[in-house]
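Asker: Dropping in protein-v4.cif, with mmCIF, C-alpha atoms.
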```cif
data_upload
#
loop_
_atom_site.group_PDB
_atom_site.id
_atom_site.type_symbol
_atom_site.label_atom_id
_atom_site.label_comp_id
_atom_site.auth_asym_id
_atom_site.auth_seq_id
_atom_site.Cartn_x
_atom_site.Cartn_y
_atom_site.Cartn_z
ATOM 1 C CA MET A 1 0.000 0.000 0.000
ATOM 2 C CA ASN A 2 1.421 3.426 -0.919
ATOM 3 C CA GLU A 3 1.623 6.520 1.309
ATOM 4 C CA ARG A 4 -1.350 8.204 -0.354
ATOM 5 C CA GLN A 5 -3.641 5.197 0.113
ATOM 6 C CA THR A 6 -2.536 4.739 3.724
ATOM 7 C CA PHE A 7 -3.257 8.427 4.367
ATOM 8 C CA THR A 8 -6.652 8.209 2.629
ATOM 9 C CA ASP A 9 -7.608 5.193 4.741
ATOM 10 C CA LEU A 10 -6.527 6.896 7.989
ATOM 11 C CA ALA A 11 -8.347 10.111 7.078
ATOM 12 C CA GLY A 12 -11.528 8.215 6.194
ATOM 13 C CA ALA A 13 -11.389 6.287 9.455
ATOM 14 C CA ALA A 14 -10.963 9.601 11.333
ATOM 15 C CA GLY A 15 -14.131 10.967 9.705
ATOM 16 C CA CYS A 16 -12.594 13.375 7.184
ATOM 17 C CA SER A 17 -14.727 14.161 4.154
ATOM 18 C CA GLU A 18 -13.604 13.174 0.657
ATOM 19 C CA GLU A 19 -13.168 16.841 -0.292
ATOM 20 C CA GLN A 20 -11.049 17.444 2.794
ATOM 21 C CA VAL A 21 -8.842 14.453 2.010
ATOM 22 C CA ARG A 22 -8.426 15.683 -1.591
ATOM 23 C CA ASN A 23 -7.427 19.156 -0.332
ATOM 24 C CA LEU A 24 -4.820 17.740 2.031
ATOM 25 C CA ILE A 25 -3.398 15.364 -0.586
ATOM 26 C CA LYS A 26 -3.244 18.107 -3.213
ATOM 27 C CA ALA A 27 -1.225 20.240 -0.764
ATOM 28 C CA ARG A 28 0.844 17.177 0.206
ATOM 29 C CA VAL A 29 -0.002 17.762 3.839
ATOM 30 C CA TRP A 30 0.254 14.391 5.570
ATOM 31 C CA LEU A 31 -1.395 14.694 8.985
ATOM 32 C CA GLN A 32 -1.140 12.132 11.756
ATOM 33 C CA GLU A 33 -4.123 10.151 12.993
ATOM 34 C CA ARG A 34 -4.887 12.493 15.902
ATOM 35 C CA GLN A 35 -4.541 15.550 13.658
ATOM 36 C CA LEU A 36 -6.926 13.988 11.141
ATOM 37 C CA ALA A 37 -9.497 13.504 13.909
ATOM 38 C CA ALA A 38 -9.171 17.212 14.737
ATOM 39 C CA SER A 39 -9.625 18.118 11.054
ATOM 40 C CA ALA A 40 -12.742 15.959 10.858
ATOM 41 C CA ALA A 41 -14.059 17.737 13.957
ATOM 42 C CA ALA A 42 -13.318 21.122 12.326
ATOM 43 C CA ARG A 43 -15.521 20.173 9.372
ATOM 44 C CA LEU A 44 -18.399 19.549 11.809
ATOM 45 C CA CYS A 45 -18.549 23.343 12.148
ATOM 46 C CA ASP A 46 -20.118 23.354 8.666
ATOM 47 C CA LEU A 47 -23.232 21.627 9.952
ATOM 48 C CA PRO A 48 -26.248 23.732 10.957
ATOM 49 C CA ASP A 49 -26.185 22.241 14.456
ATOM 50 C CA GLY A 50 -22.420 21.712 14.571
ATOM 51 C CA PRO A 51 -19.917 23.139 17.031
ATOM 52 C CA THR A 52 -18.574 26.683 16.749
ATOM 53 C CA ALA A 53 -15.235 25.863 18.360
ATOM 54 C CA ILE A 54 -12.753 23.014 18.152
ATOM 55 C CA GLY A 55 -10.179 22.378 20.854
ATOM 56 C CA TYR A 56 -6.977 20.408 20.437
ATOM 57 C CA GLY A 57 -4.889 19.759 23.531
ATOM 58 C CA GLY A 58 -1.801 17.856 24.457
ATOM 59 C CA ALA A 59 1.821 18.093 25.451
ATOM 60 C CA ARG A 60 4.388 20.361 23.829
ATOM 61 C CA GLY A 61 5.615 18.939 20.539
ATOM 62 C CA GLY A 62 2.377 17.102 19.788
ATOM 63 C CA GLY A 63 1.785 18.736 16.410
ATOM 64 C CA LYS A 64 -0.901 21.234 17.476
ATOM 65 C CA SER A 65 0.564 24.265 15.675
ATOM 66 C CA HIS A 66 1.285 22.172 12.583
ATOM 67 C CA TRP A 67 -2.305 20.903 12.525
ATOM 68 C CA LEU A 68 -3.847 24.324 13.079
ATOM 69 C CA LEU A 69 -1.956 25.930 10.193
ATOM 70 C CA ALA A 70 -2.495 22.900 7.937
ATOM 71 C CA GLN A 71 -6.257 22.824 8.551
ATOM 72 C CA MET A 72 -6.648 26.545 7.997
ATOM 73 C CA GLY A 73 -4.413 26.750 4.928
ATOM 74 C CA ALA A 74 -4.654 23.407 3.140
ATOM 75 C CA ASP A 75 -8.363 22.811 3.741
ATOM 76 C CA ASP A 76 -10.351 25.907 4.760
ATOM 77 C CA CYS A 77 -8.524 28.460 2.614
ATOM 78 C CA GLN A 78 -8.546 26.198 -0.438
ATOM 79 C CA ARG A 79 -12.283 25.568 -0.487
ATOM 80 C CA VAL A 80 -13.519 29.153 -0.135
ATOM 81 C CA PRO A 81 -11.871 31.958 -2.141
ATOM 82 C CA GLY A 82 -11.194 35.132 -0.191
ATOM 83 C CA LEU A 83 -11.371 33.519 3.254
ATOM 84 C CA LYS A 84 -9.719 35.588 5.984
ATOM 85 C CA CYS A 85 -8.173 33.693 8.888
ATOM 86 C CA LEU A 86 -6.426 34.912 12.023
ATOM 87 C CA LEU A 87 -3.801 32.731 13.691
ATOM 88 C CA LEU A 88 -3.090 34.097 17.175
ATOM 89 C CA ARG A 89 -0.075 33.037 19.208
ATOM 90 C CA LYS A 90 0.992 34.091 22.676
ATOM 91 C CA VAL A 91 4.587 35.042 22.026
ATOM 92 C CA GLY A 92 6.838 38.033 21.698
ATOM 93 C CA LYS A 93 9.222 38.987 18.934
ATOM 94 C CA ALA A 94 9.733 35.433 17.647
ATOM 95 C CA ASN A 95 6.127 35.131 16.409
ATOM 96 C CA LEU A 96 6.774 35.958 12.752
ATOM 97 C CA GLU A 97 9.971 33.923 12.698
ATOM 98 C CA HIS A 98 8.101 30.895 14.035
ATOM 99 C CA PHE A 99 5.258 31.463 11.573
ATOM 100 C CA GLU A 100 7.768 31.760 8.715
ATOM 101 C CA ASP A 101 9.427 28.464 9.695
ATOM 102 C CA LEU A 102 6.111 26.691 10.192
ATOM 103 C CA ARG A 103 4.561 27.809 6.905
ATOM 104 C CA ARG A 104 7.668 26.669 4.989
ATOM 105 C CA LYS A 105 7.431 23.280 6.676
ATOM 106 C CA VAL A 106 3.668 22.824 6.216
ATOM 107 C CA PHE A 107 3.185 24.323 2.733
ATOM 108 C CA PRO A 108 6.240 23.534 0.557
ATOM 109 C CA TRP A 109 3.907 22.193 -2.163
ATOM 110 C CA LEU A 110 1.004 24.623 -1.754
ATOM 111 C CA PRO A 111 1.520 27.828 -3.783
ATOM 112 C CA HIS A 112 1.323 30.928 -1.614
ATOM 113 C CA GLU A 113 2.999 34.244 -0.934
ATOM 114 C CA PHE A 114 4.115 35.450 2.465
ATOM 115 C CA SER A 115 4.664 39.058 3.423
ATOM 116 C CA ALA A 116 6.846 39.000 6.528
ATOM 117 C CA PHE A 117 6.405 42.764 6.897
ATOM 118 C CA ARG A 118 2.614 42.433 7.143
ATOM 119 C CA GLY A 119 2.563 38.916 8.593
ATOM 120 C CA VAL A 120 0.102 37.750 5.939
ATOM 121 C CA LEU A 121 0.162 34.471 4.027
ATOM 122 C CA THR A 122 -1.902 34.687 0.806
ATOM 123 C CA PHE A 123 -3.042 31.812 -1.410
ATOM 124 C CA ALA A 124 -3.748 31.932 -5.165
ATOM 125 C CA ASN A 125 -7.536 32.170 -4.619
ATOM 126 C CA GLY A 126 -7.204 35.272 -2.429
ATOM 127 C CA SER A 127 -7.688 33.450 0.877
ATOM 128 C CA ARG A 128 -5.245 34.525 3.537
ATOM 129 C CA ILE A 129 -3.963 33.806 7.010
ATOM 130 C CA VAL A 130 -2.967 36.747 9.200
ATOM 131 C CA ALA A 131 -0.265 35.908 11.750
ATOM 132 C CA GLY A 132 -1.271 37.691 14.936
ATOM 133 C CA HIS A 133 0.153 37.641 18.427
ATOM 134 C CA TYR A 134 -0.519 38.735 21.922
ATOM 135 C CA GLN A 135 2.059 39.097 24.649
ATOM 136 C CA ASN A 136 -0.377 40.291 27.270
ATOM 137 C CA GLU A 137 -4.082 39.701 27.407
ATOM 138 C CA LYS A 138 -4.810 43.385 26.724
ATOM 139 C CA ASP A 139 -3.207 42.908 23.277
ATOM 140 C CA ILE A 140 -6.338 40.969 22.254
ATOM 141 C CA ASP A 141 -8.095 44.354 22.121
ATOM 142 C CA ASN A 142 -6.067 45.188 18.978
ATOM 143 C CA TYR A 143 -8.168 42.657 17.046
ATOM 144 C CA LEU A 144 -11.602 43.594 18.370
ATOM 145 C CA GLY A 145 -13.945 45.058 15.781
ATOM 146 C CA LEU A 146 -12.234 43.225 12.915
ATOM 147 C CA GLU A 147 -13.924 40.360 11.067
ATOM 148 C CA TYR A 148 -12.364 36.951 10.469
ATOM 149 C CA ASP A 149 -13.923 33.845 8.941
ATOM 150 C CA VAL A 150 -11.745 31.542 11.043
ATOM 151 C CA ILE A 151 -9.745 32.266 14.173
ATOM 152 C CA GLY A 152 -7.060 29.894 15.404
ATOM 153 C CA ILE A 153 -5.708 30.503 18.904
ATOM 154 C CA GLU A 154 -2.599 28.817 20.220
ATOM 155 C CA GLU A 155 -2.319 28.561 23.996
ATOM 156 C CA ALA A 156 -5.951 29.561 24.445
ATOM 157 C CA THR A 157 -5.880 28.577 28.111
ATOM 158 C CA THR A 158 -3.667 31.593 28.817
ATOM 159 C CA LEU A 159 -6.684 33.814 28.080
ATOM 160 C CA THR A 160 -9.314 34.570 30.660
ATOM 161 C CA SER A 161 -12.855 33.574 29.798
ATOM 162 C CA ARG A 162 -13.668 37.250 29.169
ATOM 163 C CA LYS A 163 -10.849 37.789 26.636
ATOM 164 C CA TYR A 164 -11.636 34.502 24.934
ATOM 165 C CA GLN A 165 -15.251 35.623 24.524
ATOM 166 C CA ASP A 166 -14.064 39.025 23.271
ATOM 167 C CA ILE A 167 -11.953 37.526 20.477
ATOM 168 C CA THR A 168 -14.677 35.082 19.444
ATOM 169 C CA THR A 169 -16.928 38.060 18.621
ATOM 170 C CA CYS A 170 -14.528 38.740 15.733
ATOM 171 C CA CYS A 171 -15.254 35.339 14.207
ATOM 172 C CA ARG A 172 -18.122 36.138 11.856
ATOM 173 C CA SER A 173 -18.603 35.870 8.142
ATOM 174 C CA SER A 174 -20.877 36.972 5.359
ATOM 175 C CA LYS A 175 -19.107 34.944 2.665
ATOM 176 C CA PRO A 176 -21.303 32.766 0.486
ATOM 177 C CA GLY A 177 -20.418 29.133 1.020
ATOM 178 C CA TRP A 178 -18.931 29.701 4.454
ATOM 179 C CA PRO A 179 -20.907 29.128 7.641
ATOM 180 C CA PRO A 180 -21.721 32.460 9.312
ATOM 181 C CA GLU A 181 -21.672 32.926 13.065
ATOM 182 C CA GLY A 182 -24.985 32.157 14.628
ATOM 183 C CA GLY A 183 -25.926 29.823 11.817
ATOM 184 C CA ALA A 184 -23.596 26.959 11.106
ATOM 185 C CA GLY A 185 -20.902 28.498 13.260
ATOM 186 C CA ALA A 186 -17.815 30.258 12.120
ATOM 187 C CA GLU A 187 -14.875 28.420 13.575
ATOM 188 C CA VAL A 188 -12.674 29.225 16.496
ATOM 189 C CA ARG A 189 -9.955 26.644 16.773
ATOM 190 C CA SER A 190 -7.641 26.586 19.691
ATOM 191 C CA GLU A 191 -5.410 24.544 21.881
ATOM 192 C CA ARG A 192 -7.026 23.311 25.082
ATOM 193 C CA ASP A 193 -10.277 25.136 24.487
ATOM 194 C CA ARG A 194 -13.380 24.477 26.564
ATOM 195 C CA PRO A 195 -15.370 22.723 23.794
ATOM 196 C CA ALA A 196 -12.487 20.299 23.405
ATOM 197 C CA THR A 197 -13.642 17.985 20.664
ATOM 198 C CA CYS A 198 -10.187 16.447 20.223
ATOM 199 C CA GLU A 199 -8.369 15.769 23.480
#
```
Could I get this file's structure written as structure tokens?

Answerer:
Amino acid sequence: MNERQTFTDLAGAAGCSEEQVRNLIKARVWLQERQLAASAAARLCDLPDGPTAIGYGGARGGGKSHWLLAQMGADDCQRVPGLKCLLLRKVGKANLEHFEDLRRKVFPWLPHEFSAFRGVLTFANGSRIVAGHYQNEKDIDNYLGLEYDVIGIEEATTLTSRKYQDITTCCRSSKPGWPPEGGAGAEVRSERDRPATCE
């Protein structure tokens, strides 16, 4: 059995949709079994009664950041042109350097442009991922009032419940073909989030 078939079988067993598997294979993003389960859970956000947040926990080095960027870029951004995603990390100056390293590792086969000055990764269909950061909780206020179709938060447990709620108000969409908040939930994906679908 070849690598592609093994991956397809694992992804199917995890509950990934055929379209999702095609997107990941096209980008040559080979996720592990636990990451595939998280991706399948993320697609549940498309359902009218599905979740509006996906949590992914675990020890350091467990592939959480890799999965979050892969799901946003190789699946979400590829299926809806013009999608706008925010990837928030709790770090200082090394945020863009880490993002630069991670995007090179995750997307060597997926055409994109990256503006380090702006911290924006843009795909051919106009979808983009904005690399954001917060050093202190008050930095979350810099994002309030902006609109994102997907928000990914690393180290979400470092936020108080209030700040977490504040940032989730920015996750709303009016894009055709993408679930709007309040309907089939826009997605907030984070590490160790309360609605932890994938622990």

Asker: Can you pull out the residues contacting range 120-128 of chain A? Cut-off 9 Å, using all atoms listed in the file, and skip same-chain residues under 4 positions away; I want them as an NGL selection string.

Answerer: :A and (73 or 76-78 or 80-86 or 103 or 110-116)

Asker: Using all atoms listed in the file, pick whichever of A:Asp75, A:Asp46, A:Asp141, A:Asp166 has the shortest atom-to-atom distance to Phe107 in chain A.

Answerer: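 Ranked by minimum distance to Phe107 in chain A, first place goes to A:Asp75.
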
Asker: Measuring atom to atom with all atoms listed in the file, identify which of A:Ser65, A:Asn23, A:Gln35, A:Thr158 is nearest to Gln135 in chain A.

Answerer: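 For Gln135 in chain A, the nearest of the given residues is A:Thr158.
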
Asker: Quick one: which residues end up in the PyMOL selection byres ((chain A and resi 24-32) around 9) for this structure, as a PDB file with C-alpha atoms, keeping the file's coordinate frame?

Answerer:
```pdb
ATOM      1  CA  ARG A   4      -1.350   8.204  -0.354  1.00  0.00           C
ATOM      2  CA  PHE A   7      -3.257   8.427   4.367  1.00  0.00           C
ATOM      3  CA  THR A   8      -6.652   8.209   2.629  1.00  0.00           C
ATOM      4  CA  LEU A  10      -6.527   6.896   7.989  1.00  0.00           C
ATOM      5  CA  ALA A  11      -8.347  10.111   7.078  1.00  0.00           C
ATOM      6  CA  GLU A  19     -13.168  16.841  -0.292  1.00  0.00           C
ATOM      7  CA  GLN A  20     -11.049  17.444   2.794  1.00  0.00           C
ATOM      8  CA  VAL A  21      -8.842  14.453   2.010  1.00  0.00           C
ATOM      9  CA  ARG A  22      -8.426  15.683  -1.591  1.00  0.00           C
ATOM     10  CA  ASN A  23      -7.427  19.156  -0.332  1.00  0.00           C
ATOM     11  CA  GLU A  33      -4.123  10.151  12.993  1.00  0.00           C
ATOM     12  CA  ARG A  34      -4.887  12.493  15.902  1.00  0.00           C
ATOM     13  CA  GLN A  35      -4.541  15.550  13.658  1.00  0.00           C
ATOM     14  CA  LEU A  36      -6.926  13.988  11.141  1.00  0.00           C
ATOM     15  CA  ALA A  37      -9.497  13.504  13.909  1.00  0.00           C
ATOM     16  CA  GLY A  63       1.785  18.736  16.410  1.00  0.00           C
ATOM     17  CA  HIS A  66       1.285  22.172  12.583  1.00  0.00           C
ATOM     18  CA  TRP A  67      -2.305  20.903  12.525  1.00  0.00           C
ATOM     19  CA  ALA A  70      -2.495  22.900   7.937  1.00  0.00           C
ATOM     20  CA  GLN A  71      -6.257  22.824   8.551  1.00  0.00           C
ATOM     21  CA  ALA A  74      -4.654  23.407   3.140  1.00  0.00           C
ATOM     22  CA  ASP A  75      -8.363  22.811   3.741  1.00  0.00           C
ATOM     23  CA  VAL A 106       3.668  22.824   6.216  1.00  0.00           C
ATOM     24  CA  PHE A 107       3.185  24.323   2.733  1.00  0.00           C
ATOM     25  CA  PRO A 108       6.240  23.534   0.557  1.00  0.00           C
ATOM     26  CA  TRP A 109       3.907  22.193  -2.163  1.00  0.00           C
ATOM     27  CA  LEU A 110       1.004  24.623  -1.754  1.00  0.00           C
ATOM     28  CA  PRO A 111       1.520  27.828  -3.783  1.00  0.00           C
TER      29      PRO A 111
END
```

Asker: When you count only C-alpha atoms, which of these residues is closest to Thr168 in chain A: A:Tyr134, A:Phe117, A:Tyr56, A:Tyr143?

Answerer: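 For Thr168 in chain A, the nearest of the candidates is A:Tyr143.
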